[in-house]
Every structure is written in C-alpha cells, then in structure tokens.
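Some notes on the structure that comes next.
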Amino acid sequence: AGFFFLIVRYYDMAEQSSEQKMRAVCCTSYGDPSKVIKVQMLPKPQIEENSDEVLVKVCAASINPIDYKVVQGDMKIFKTFKFPRICGLDFSGIVEQVGKQCQQFKVGDEVFGTGEQMRISKHFGCGSMAEYLCLPATKMIKKPSNISFVEAATFGVVTLTAYQAFKHGKIKKGDKVLILGGSGGTGLAGIQIAKNLGASHVACTASTGAQLCIDYGADEIINYRDSKWFEVLKGQNYDIIFDCVGGYESWQKAPLVLKNNGSYETIVGDSEGSVTYFKALKFGTSFVNRKFWSSVTRAPKYHMTLMSMNAEQFKEIAKMAAEGKYRVQIDSTFTFDNANEMFEKQMSHRAKGKIVLDIFNPTQEEQKEEPE
C-alpha cells in the first residue's frame with residue numbers, strides 16, 4: 001500500500017509541476033534574433049493576490065518591429081534586461097485568475113490588449129508570446145465578440161500608435177492625411193483610424209501593397225518606386241503626415257506637402273539601427289530645434305509618437321471594430337515550432353498586414369473534448 005501511495009504521489013507531483021510550466025518565445029541574450037530567440041519552458045506567472053493583476057491564458061500574440069529591435073539591443077541605451085526575457089506586447093486570451101483589486105474582469109472573460117516592452121517584472125518581462133501572461137487590468141479590455149482571438153491580438157501597438165498620433169495632430173473632419181508606408185500593419189491601421197476620426201482624403205505611399213491600401217480605404221496611392229511623394233503632392237496643403245517609414249529626408253520635404261502649421265507625426269525617427277549615445281544626442285538636438293521653430297513660426301509641427309496603453313482610447317478602437325468600421329489584415333500566422341521564422345518575416349519588411357503567433361484555439365479544444 002505504501003509503495004502504491006508513493007507511485008500515486010509521484011505522478012501527482014509530476015502533474016502539478018508540469019502545470020506550473022509554460023512555453024514561451026524568449027530572448028536569451030542581445031543579438032541576431034535567428035540565434036538568440038528560443039522557445040523555452042518557464043515558470044507560469046502567478047498574480048499578486050491583493051492586486052489588480054490579471055492572469056490570462058494567451059490565445060494569440062502578434063509581433064511588432066519594436067520586438068526585434070529590443071532583441072537586437074537597439075534600445076538598450078534606455079533600458080537593459082535580464083535574460084531570458086519573454087518577447088511580445090500584443091495579445092488576446094481568456095482570463096484565468098484575477099487579483100482581489102481587479103473590478104473590471106472575471107474568470108472566463110475574453111480580453112485583448114498590450115503590455116510594455118520596457119517594463120521590468122518578475123514575470124520575465126511580461127511578454128505576450130507565451131502560454132500565460134500576467135499584467136495589470138489597465139493593460140487590457142474585453143474583446144468584441146465579432147473578432148477572433150487571432151485578429152484581436154493584432155490591435156494593440158498599431159492601432160493605439162495611429163490613434164494617438166492622429167489625436168496629437170488634432171485631426172478633424174475633412175482633413176487630408178498622407179501616410180508614408182501604407183501597406184504595413186501600422187499604415188493599414190492608420191488608413192482606417194484616420195477615416196474613422198474624420199479624414200476626408202487619405203493618400204499613401206506603397207508599391208506592391210497599393211491595392212491592399214485601397215481595399216482598406218485609401219483614396220490615393222503614390223508608388224514610391226516610380227515617384228517621389230513630395231513631388232506628386234507638392235503644394236496640396238495636407239493637414240497631417242503620418243510617417244511609418246522614417247528618415248530625415250521625409251521630415252525635410254514635409255513642408256512642400258503640408259499646409260502652414262500642419263502636423264508631421266512620426267513613429268520611427270531619422271535613422272534605423274541601434275540607438276547609440278551619439279545618435280541620441282544628435283537626434284535630441286535636432287528634435288529640440290524642430291520643436292522650437294515649429295512653435296515660433298508657421299512651419300509644420302514635428303512630433304514622435306511613443307505609444308502607451310490607454311484603455312479608454314483602446315475601447316474607442318474596439319468600438320470601431322465591433323461596428324465593422326475597422327478590419328484586420330493578417331499577413332501570416334506562426335506557432336511555437338517556427339517562432340524564429342516569424343521574426344525573420346517581420347524583419348524582412350515585406351509583410352502586408354500583421355504577423356501573428358497562434359498559441360491556443362479554444363474552439364478546437366472544445367471540439368476535442370466533445371464525446372464521439
């Protein structure tokens with residue numbers, strides 16, 4: 001009997017141990033994503049009991065350019081991390097547990113949201129590319145029933161970035177908007193959000209993704225392989241330029257297209273690659289100079305949008321989706337088995353729409369559990 005008890009106890013402990021582990025896409029050190037991205041078994045996060053934290057069983061997560069930039073160490077001038085660190089920001093999933101201070105959600109709620117890449121946490125960085133995620137309740141909202149988990153996982157960074165950029169640019173009904181880089185995830189989000197916020201005309205730069213931009217609401221396409229946008233649109237008095245590409249030339253040529261006191265909203269800045277102290281100092285000086293002259297003259301106003309999770313704004317975007325006024329373009333989906341390929345695709349800059357890590361499909365699981 002004693003031997004039988006030990007056997008049962010052994011398997012019980014093994015089962016409990018396996019339940020406390022989860023798969024996660026991790027950055028094991030700074031470097032080339034193809035070499036430092038690994039899928040590892042990590043401890044399942046635990047919420048603080050007397051908090052507003054929410055434990056989410058993640059159904060899907062999407063990748064953004066910031067994810068591979070952090071892995072490469074491009075942002076370590078601002079914050080360094082311990083490794084392994086779970087990758088990802090955007091997610092969708094099902095609430096599994098809530099802290100006592102959480103009033104917004106209950107177990108079983110379907111949610112979606114985005115975390116903070118620069119957050120230091122006991123949960124290996126709170127990354128979304130894992131089977132479980134623990135974040136404060138303020139980082140998520142309830143998912144509309146008419147969008148799938150895969151679709152919902154694509155909203156966070158791109159929609160909030162576009163929304164916040166246009167709000168800062170004081171977009172209003174009847175405005176003309178130019179989006180540099182229209183066929184990427186943020187560009188496609190920008191087209192739709194600009195229209196929802198009142199823009200009457202949206203032009204985009206694109207090449208092979210031209211038809212996609214039109215399908216999502218763009219009124220005019222400038223093929224950047226054949227033409228220069230600042231020559232085609234010169235003197236047309238646009239209200240806002242939303243720059244998803246970057247580069248100093250874009251800002252330099254913006255006054256040719258923008259009206260006096262127009263807004264130049266960028267999400268990239270002047271250069272790609274690692275942010276060194278020299279680059280930061282150079283850009284900081286240039287940034288202050290641009291802000292100064294735009295404040296004392298009628299020159300276009302320069303602003304770099306750094307997205308932050310805002311639940312109220314996110315609810316406005318969710319309402320657009322619920323009413324059928326915002327659609328998602330999925331470029332491709334990946335699993336834990338080919339997570340490295342997901343990073344490779346994102347870094348190729350050839351994605352038309354969003355790239356998603358498909359983690360858990362509750363519908364398929366329900367079908368498996370149905371008796372024959």
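Convention: chains lettered A, B, ... in structure tokens order; per-chain residue numbering from 1; ligands numbered from 1 as shown.
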List every residue of stretch 18-97 of chain A that DSSP, applied to the backbone of this structure, assigns to strand (DSSP E), and report them as a compact mmCIF listing (two decimals) with C-alpha atoms, in the first residue's frame.
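What follows is the written file result-v5.txt:
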# COMPACT_ATOMS: atom_id res chain seq x y z
CA LYS A 21 5.40 25.48 -16.53
CA MET A 22 4.60 27.16 -19.83
CA ARG A 23 6.10 27.52 -23.27
CA ALA A 24 7.39 30.96 -24.19
CA VAL A 25 9.28 32.64 -27.02
CA CYS A 26 12.33 34.05 -25.26
CA CYS A 27 15.23 36.33 -26.00
CA ILE A 37 15.36 33.57 -29.95
CA LYS A 38 14.48 30.26 -28.30
CA VAL A 39 11.26 28.57 -27.20
CA GLN A 40 11.76 27.64 -23.56
CA MET A 41 9.79 26.17 -20.66
CA LEU A 42 9.44 28.86 -17.99
CA PRO A 43 7.51 29.09 -14.71
CA GLU A 53 -3.33 41.85 -11.82
CA VAL A 54 -4.96 39.52 -14.32
CA LEU A 55 -3.64 36.10 -15.32
CA VAL A 56 -4.50 35.48 -18.98
CA LYS A 57 -4.36 32.21 -20.88
CA VAL A 58 -2.96 33.61 -24.12
CA CYS A 59 -4.69 32.57 -27.35
CA ALA A 60 -2.62 34.66 -29.76
CA ALA A 61 0.13 37.28 -29.81
CA SER A 62 1.39 39.50 -32.61
CA ARG A 85 13.08 37.64 -21.43
CA ILE A 86 9.73 36.76 -22.97
CA ASP A 90 0.14 42.50 -28.14
CA PHE A 91 -2.10 39.63 -27.05
CA SER A 92 -5.58 38.17 -26.81
CA GLY A 93 -6.78 35.47 -24.46
CA ILE A 94 -9.07 34.27 -21.69
CA VAL A 95 -8.96 35.43 -18.08
CA GLU A 96 -7.92 32.57 -15.81
CA GLN A 97 -7.49 34.39 -12.49
Find the spatial neighbours of A:Ser51, counting only C-alpha atoms, within a cut-off of 12 Å - ignore same-chain residues fewer than 6 positions away - and output them as a ChimeraX atom specification.
-> /A:97-103,134-138
Output file for the residues above (all heavy atoms, as a PDB file, in the first residue's frame):
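See result00.pdb below for the written result:
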ATOM      1  N   GLN A  97      -7.486  34.030 -13.911  1.00  0.00           N
ATOM      2  CA  GLN A  97      -7.488  34.392 -12.491  1.00  0.00           C
ATOM      3  C   GLN A  97      -7.345  35.909 -12.371  1.00  0.00           C
ATOM      4  O   GLN A  97      -6.699  36.541 -13.203  1.00  0.00           O
ATOM      5  CB  GLN A  97      -6.326  33.689 -11.773  1.00  0.00           C
ATOM      6  CG  GLN A  97      -6.322  33.844 -10.254  1.00  0.00           C
ATOM      7  CD  GLN A  97      -5.130  33.132  -9.624  1.00  0.00           C
ATOM      8  OE1 GLN A  97      -4.315  32.523 -10.313  1.00  0.00           O
ATOM      9  NE2 GLN A  97      -5.025  33.215  -8.312  1.00  0.00           N
ATOM     10  N   VAL A  98      -7.952  36.485 -11.332  1.00  0.00           N
ATOM     11  CA  VAL A  98      -7.830  37.930 -11.106  1.00  0.00           C
ATOM     12  C   VAL A  98      -7.455  38.204  -9.657  1.00  0.00           C
ATOM     13  O   VAL A  98      -7.800  37.437  -8.745  1.00  0.00           O
ATOM     14  CB  VAL A  98      -9.141  38.683 -11.447  1.00  0.00           C
ATOM     15  CG1 VAL A  98      -9.486  38.536 -12.913  1.00  0.00           C
ATOM     16  CG2 VAL A  98     -10.286  38.199 -10.573  1.00  0.00           C
ATOM     17  N   GLY A  99      -6.740  39.306  -9.439  1.00  0.00           N
ATOM     18  CA  GLY A  99      -6.412  39.736  -8.091  1.00  0.00           C
ATOM     19  C   GLY A  99      -7.628  40.357  -7.404  1.00  0.00           C
ATOM     20  O   GLY A  99      -8.596  40.741  -8.072  1.00  0.00           O
ATOM     21  N   LYS A 100      -7.559  40.491  -6.109  1.00  0.00           N
ATOM     22  CA  LYS A 100      -8.699  40.997  -5.342  1.00  0.00           C
ATOM     23  C   LYS A 100      -9.062  42.433  -5.698  1.00  0.00           C
ATOM     24  O   LYS A 100     -10.203  42.858  -5.520  1.00  0.00           O
ATOM     25  CB  LYS A 100      -8.396  40.892  -3.846  1.00  0.00           C
ATOM     26  CG  LYS A 100      -8.373  39.459  -3.318  1.00  0.00           C
ATOM     27  CD  LYS A 100      -8.114  39.433  -1.817  1.00  0.00           C
ATOM     28  CE  LYS A 100      -8.131  37.997  -1.285  1.00  0.00           C
ATOM     29  NZ  LYS A 100      -7.865  37.953   0.182  1.00  0.00           N
ATOM     30  N   GLN A 101      -8.094  43.217  -6.179  1.00  0.00           N
ATOM     31  CA  GLN A 101      -8.358  44.616  -6.507  1.00  0.00           C
ATOM     32  C   GLN A 101      -8.876  44.809  -7.931  1.00  0.00           C
ATOM     33  O   GLN A 101      -9.198  45.933  -8.332  1.00  0.00           O
ATOM     34  CB  GLN A 101      -7.075  45.438  -6.319  1.00  0.00           C
ATOM     35  CG  GLN A 101      -6.496  45.405  -4.916  1.00  0.00           C
ATOM     36  CD  GLN A 101      -7.469  45.928  -3.880  1.00  0.00           C
ATOM     37  OE1 GLN A 101      -8.135  46.934  -4.087  1.00  0.00           O
ATOM     38  NE2 GLN A 101      -7.574  45.219  -2.760  1.00  0.00           N
ATOM     39  N   CYS A 102      -8.972  43.742  -8.681  1.00  0.00           N
ATOM     40  CA  CYS A 102      -9.443  43.844 -10.066  1.00  0.00           C
ATOM     41  C   CYS A 102     -10.975  43.824 -10.098  1.00  0.00           C
ATOM     42  O   CYS A 102     -11.595  42.845  -9.674  1.00  0.00           O
ATOM     43  CB  CYS A 102      -8.893  42.689 -10.904  1.00  0.00           C
ATOM     44  SG  CYS A 102      -9.526  42.671 -12.599  1.00  0.00           S
ATOM     45  N   GLN A 103     -11.565  44.887 -10.601  1.00  0.00           N
ATOM     46  CA  GLN A 103     -13.016  45.004 -10.677  1.00  0.00           C
ATOM     47  C   GLN A 103     -13.552  44.862 -12.112  1.00  0.00           C
ATOM     48  O   GLN A 103     -14.741  44.653 -12.307  1.00  0.00           O
ATOM     49  CB  GLN A 103     -13.452  46.382 -10.130  1.00  0.00           C
ATOM     50  CG  GLN A 103     -13.000  46.660  -8.707  1.00  0.00           C
ATOM     51  CD  GLN A 103     -13.585  45.688  -7.698  1.00  0.00           C
ATOM     52  OE1 GLN A 103     -14.779  45.337  -7.789  1.00  0.00           O
ATOM     53  NE2 GLN A 103     -12.766  45.243  -6.752  1.00  0.00           N
ATOM     54  N   CYS A 134       0.734  37.688 -17.262  1.00  0.00           N
ATOM     55  CA  CYS A 134       0.218  38.364 -16.065  1.00  0.00           C
ATOM     56  C   CYS A 134       0.497  39.856 -16.186  1.00  0.00           C
ATOM     57  O   CYS A 134       1.654  40.269 -16.293  1.00  0.00           O
ATOM     58  CB  CYS A 134       0.889  37.789 -14.814  1.00  0.00           C
ATOM     59  SG  CYS A 134       0.236  38.473 -13.272  1.00  0.00           S
ATOM     60  N   LEU A 135      -0.574  40.656 -16.207  1.00  0.00           N
ATOM     61  CA  LEU A 135      -0.446  42.103 -16.347  1.00  0.00           C
ATOM     62  C   LEU A 135      -1.503  42.814 -15.511  1.00  0.00           C
ATOM     63  O   LEU A 135      -2.543  42.222 -15.175  1.00  0.00           O
ATOM     64  CB  LEU A 135      -0.643  42.514 -17.808  1.00  0.00           C
ATOM     65  CG  LEU A 135       0.516  42.340 -18.789  1.00  0.00           C
ATOM     66  CD1 LEU A 135       0.039  42.680 -20.196  1.00  0.00           C
ATOM     67  CD2 LEU A 135       1.687  43.217 -18.404  1.00  0.00           C
ATOM     68  N   PRO A 136      -1.292  44.096 -15.189  1.00  0.00           N
ATOM     69  CA  PRO A 136      -2.347  44.871 -14.528  1.00  0.00           C
ATOM     70  C   PRO A 136      -3.593  44.947 -15.404  1.00  0.00           C
ATOM     71  O   PRO A 136      -3.501  44.928 -16.640  1.00  0.00           O
ATOM     72  CB  PRO A 136      -1.709  46.254 -14.352  1.00  0.00           C
ATOM     73  CG  PRO A 136      -0.246  46.010 -14.376  1.00  0.00           C
ATOM     74  CD  PRO A 136      -0.045  44.864 -15.330  1.00  0.00           C
ATOM     75  N   ALA A 137      -4.740  45.062 -14.783  1.00  0.00           N
ATOM     76  CA  ALA A 137      -6.006  45.103 -15.514  1.00  0.00           C
ATOM     77  C   ALA A 137      -6.082  46.277 -16.480  1.00  0.00           C
ATOM     78  O   ALA A 137      -6.823  46.234 -17.473  1.00  0.00           O
ATOM     79  CB  ALA A 137      -7.165  45.168 -14.522  1.00  0.00           C
ATOM     80  N   THR A 138      -5.320  47.331 -16.234  1.00  0.00           N
ATOM     81  CA  THR A 138      -5.347  48.521 -17.089  1.00  0.00           C
ATOM     82  C   THR A 138      -4.720  48.277 -18.462  1.00  0.00           C
ATOM     83  O   THR A 138      -4.828  49.128 -19.344  1.00  0.00           O
ATOM     84  CB  THR A 138      -4.599  49.674 -16.411  1.00  0.00           C
ATOM     85  OG1 THR A 138      -3.283  49.237 -16.051  1.00  0.00           O
ATOM     86  CG2 THR A 138      -5.342  50.142 -15.168  1.00  0.00           C
TER      87      THR A 138
END
Residue nearest A:Pro65 - candidates A:Glu265, A:Tyr326, A:Gly185, A:Asp175, atoms counted: only C-alpha atoms |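 Answer, going by the shortest atom-to-atom distance: A:Gly185.
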Taking the chain letters and numbering used in this document, name the residues of stretch 28-242 of chain A that DSSP puts in alpha helix (DSSP H), as a PyMOL selection string.
-> chain A and resi 33-36+65-72+149-152+156-168+185-196+210-215+229-232
Pick out the residues sitting within 8 Å of A:Gly198, and hand them over as a VMD selection string; count only C-alpha atoms, and ignore anything fewer than 4 positions along from it in its own chain.
-> chain A and resid 171 to 175 194
Pick the closest to A:Gln211 from A:Phe83, A:Tyr248, A:Asn223, A:Phe149: which is it, counting only C-alpha atoms?
-> A:Asn223
Interatomic distance (Å, one decimal) between atom CA of A:Ile355 and atom CA of A:Thr161 =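 Distance between the two atoms: 16.9 Å.
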Using only C-alpha atoms, which residues sit within 10 Å of A:Ala321 once same-chain residues fewer than 2 positions away are excluded, as an MDAnalysis selection string?
-> chainID A and resid 143:147 152 155 315:319 323:328
Write out the residues from the selection above, keeping N, CA, C and O atoms, as a compact mmCIF listing (two decimals), in the first residue's frame.
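Final output, saved to selection.txt:
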# COMPACT_ATOMS: atom_id res chain seq x y z
N LYS A 143 -12.77 41.76 -25.27
CA LYS A 143 -12.72 41.58 -26.72
C LYS A 143 -14.12 41.60 -27.32
O LYS A 143 -15.02 40.92 -26.82
N PRO A 144 -14.34 42.37 -28.39
CA PRO A 144 -15.63 42.31 -29.09
C PRO A 144 -15.88 40.89 -29.60
O PRO A 144 -14.96 40.20 -30.05
N SER A 145 -17.12 40.46 -29.56
CA SER A 145 -17.44 39.08 -29.92
C SER A 145 -17.32 38.81 -31.42
O SER A 145 -17.20 37.66 -31.83
N ASN A 146 -17.31 39.86 -32.23
CA ASN A 146 -17.28 39.66 -33.68
C ASN A 146 -15.87 39.59 -34.27
O ASN A 146 -15.71 39.52 -35.48
N ILE A 147 -14.84 39.64 -33.43
CA ILE A 147 -13.48 39.46 -33.94
C ILE A 147 -12.85 38.25 -33.25
O ILE A 147 -13.10 37.98 -32.08
N ALA A 152 -7.82 39.85 -32.81
CA ALA A 152 -7.71 40.74 -31.65
C ALA A 152 -6.26 40.95 -31.22
O ALA A 152 -5.89 42.03 -30.75
N PHE A 155 -4.27 44.16 -32.60
CA PHE A 155 -4.73 45.54 -32.41
C PHE A 155 -3.73 46.44 -31.67
O PHE A 155 -3.41 47.53 -32.12
N LYS A 315 -10.78 51.29 -26.05
CA LYS A 315 -12.21 50.99 -26.14
C LYS A 315 -12.84 51.66 -27.35
O LYS A 315 -13.75 51.11 -27.98
N GLU A 316 -12.38 52.88 -27.67
CA GLU A 316 -12.88 53.57 -28.86
C GLU A 316 -12.53 52.78 -30.12
O GLU A 316 -13.34 52.65 -31.04
N ILE A 317 -11.31 52.25 -30.15
CA ILE A 317 -10.88 51.45 -31.30
C ILE A 317 -11.67 50.14 -31.36
O ILE A 317 -12.09 49.70 -32.43
N ALA A 318 -11.89 49.52 -30.20
CA ALA A 318 -12.68 48.28 -30.15
C ALA A 318 -14.11 48.52 -30.64
O ALA A 318 -14.70 47.67 -31.31
N LYS A 319 -14.63 49.70 -30.34
CA LYS A 319 -15.98 50.04 -30.80
C LYS A 319 -16.02 50.12 -32.33
O LYS A 319 -16.98 49.69 -32.97
N GLU A 323 -18.38 47.68 -34.64
CA GLU A 323 -19.36 48.25 -35.57
C GLU A 323 -18.98 47.98 -37.04
O GLU A 323 -19.63 48.48 -37.95
N GLY A 324 -17.91 47.20 -37.23
CA GLY A 324 -17.49 46.86 -38.59
C GLY A 324 -16.76 47.99 -39.31
O GLY A 324 -16.62 47.97 -40.53
N LYS A 325 -16.25 48.96 -38.55
CA LYS A 325 -15.56 50.10 -39.14
C LYS A 325 -14.04 49.96 -39.10
O LYS A 325 -13.32 50.87 -39.50
N TYR A 326 -13.58 48.84 -38.60
CA TYR A 326 -12.14 48.57 -38.58
C TYR A 326 -11.93 47.10 -38.87
O TYR A 326 -12.53 46.24 -38.21
N ARG A 327 -11.09 46.80 -39.85
CA ARG A 327 -10.79 45.42 -40.24
C ARG A 327 -9.32 45.12 -40.04
O ARG A 327 -8.47 46.01 -40.07
N VAL A 328 -9.03 43.85 -39.85
CA VAL A 328 -7.66 43.40 -39.63
C VAL A 328 -7.14 42.70 -40.87
O VAL A 328 -7.86 41.89 -41.48
Considering only C-alpha atoms, return as a list of chain:residue names whatever protein or nucleic-acid residues lie within 12 Å of A:Lys345, sequence-local ones (same chain, fewer than 6 positions apart) excluded.
->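 Listing them by chain and then by number gives A:Pro33, A:Ser34, A:Ile63, A:Asn64, A:Pro65, A:Tyr68, A:Asp331, A:Ser332, A:Thr333, A:Phe334, A:Asn338, A:Ala339, A:Ala351, A:Lys352, A:Gly353, A:Lys354, A:Ile355, A:Val356.
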Sort by chain and increasing residue number a table of all residues of stretch 120-216 of chain A within 7 Å of stretch 228-245 of chain A, each with its closest pair of atoms and their distance in Å to one decimal, counting only C-alpha atoms, and write it as a tab-separated table.
residue	atom	partner	partner_atom	distance
A:Gly169	CA	A:Ile240	CA	6.7
A:Asp175	CA	A:Asp239	CA	5.9
A:Lys176	CA	A:Tyr238	CA	5.0
A:Val177	CA	A:Ile240	CA	4.9
A:Leu178	CA	A:Ile241	CA	4.7
A:Ile179	CA	A:Phe242	CA	4.8
A:Leu180	CA	A:Asp243	CA	4.8
A:Gly181	CA	A:Cys244	CA	5.4
A:Gly187	CA	A:Cys244	CA	6.6
Taken to one decimal, the atom CA of A:Ile267-atom CA of A:Met304 distance is 5.6 Å
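Across the model, the gap from atom CA of A:Gly217 to atom CA of A:Asn260 is 26.1 Å.
Nearest to A:Ser308 of all the residues A:Ile77, A:Val158, A:Leu188, A:Val150 is A:Val158, counting only C-alpha atoms.
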Of A:Lys167, A:Arg225, A:His201, A:His349, the one nearest to A:Met307 when counting only C-alpha atoms is A:Lys167
From the set A:Glu344, A:Glu220, A:Asp358, A:Glu131, which residue has the shortest atom-to-atom contact distance to A:Asp67, counting only C-alpha atoms?
->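 Checking each of A:Glu344, A:Glu220, A:Asp358, A:Glu131 against A:Asp67, counting only C-alpha atoms, the winner is A:Glu344.
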Which of these residues is nearest to A:Arg350, using only C-alpha atoms: A:Met140, A:Ala206, A:Ala153, A:Met129?
->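 The answer is A:Ala206, which sits nearest to A:Arg350.
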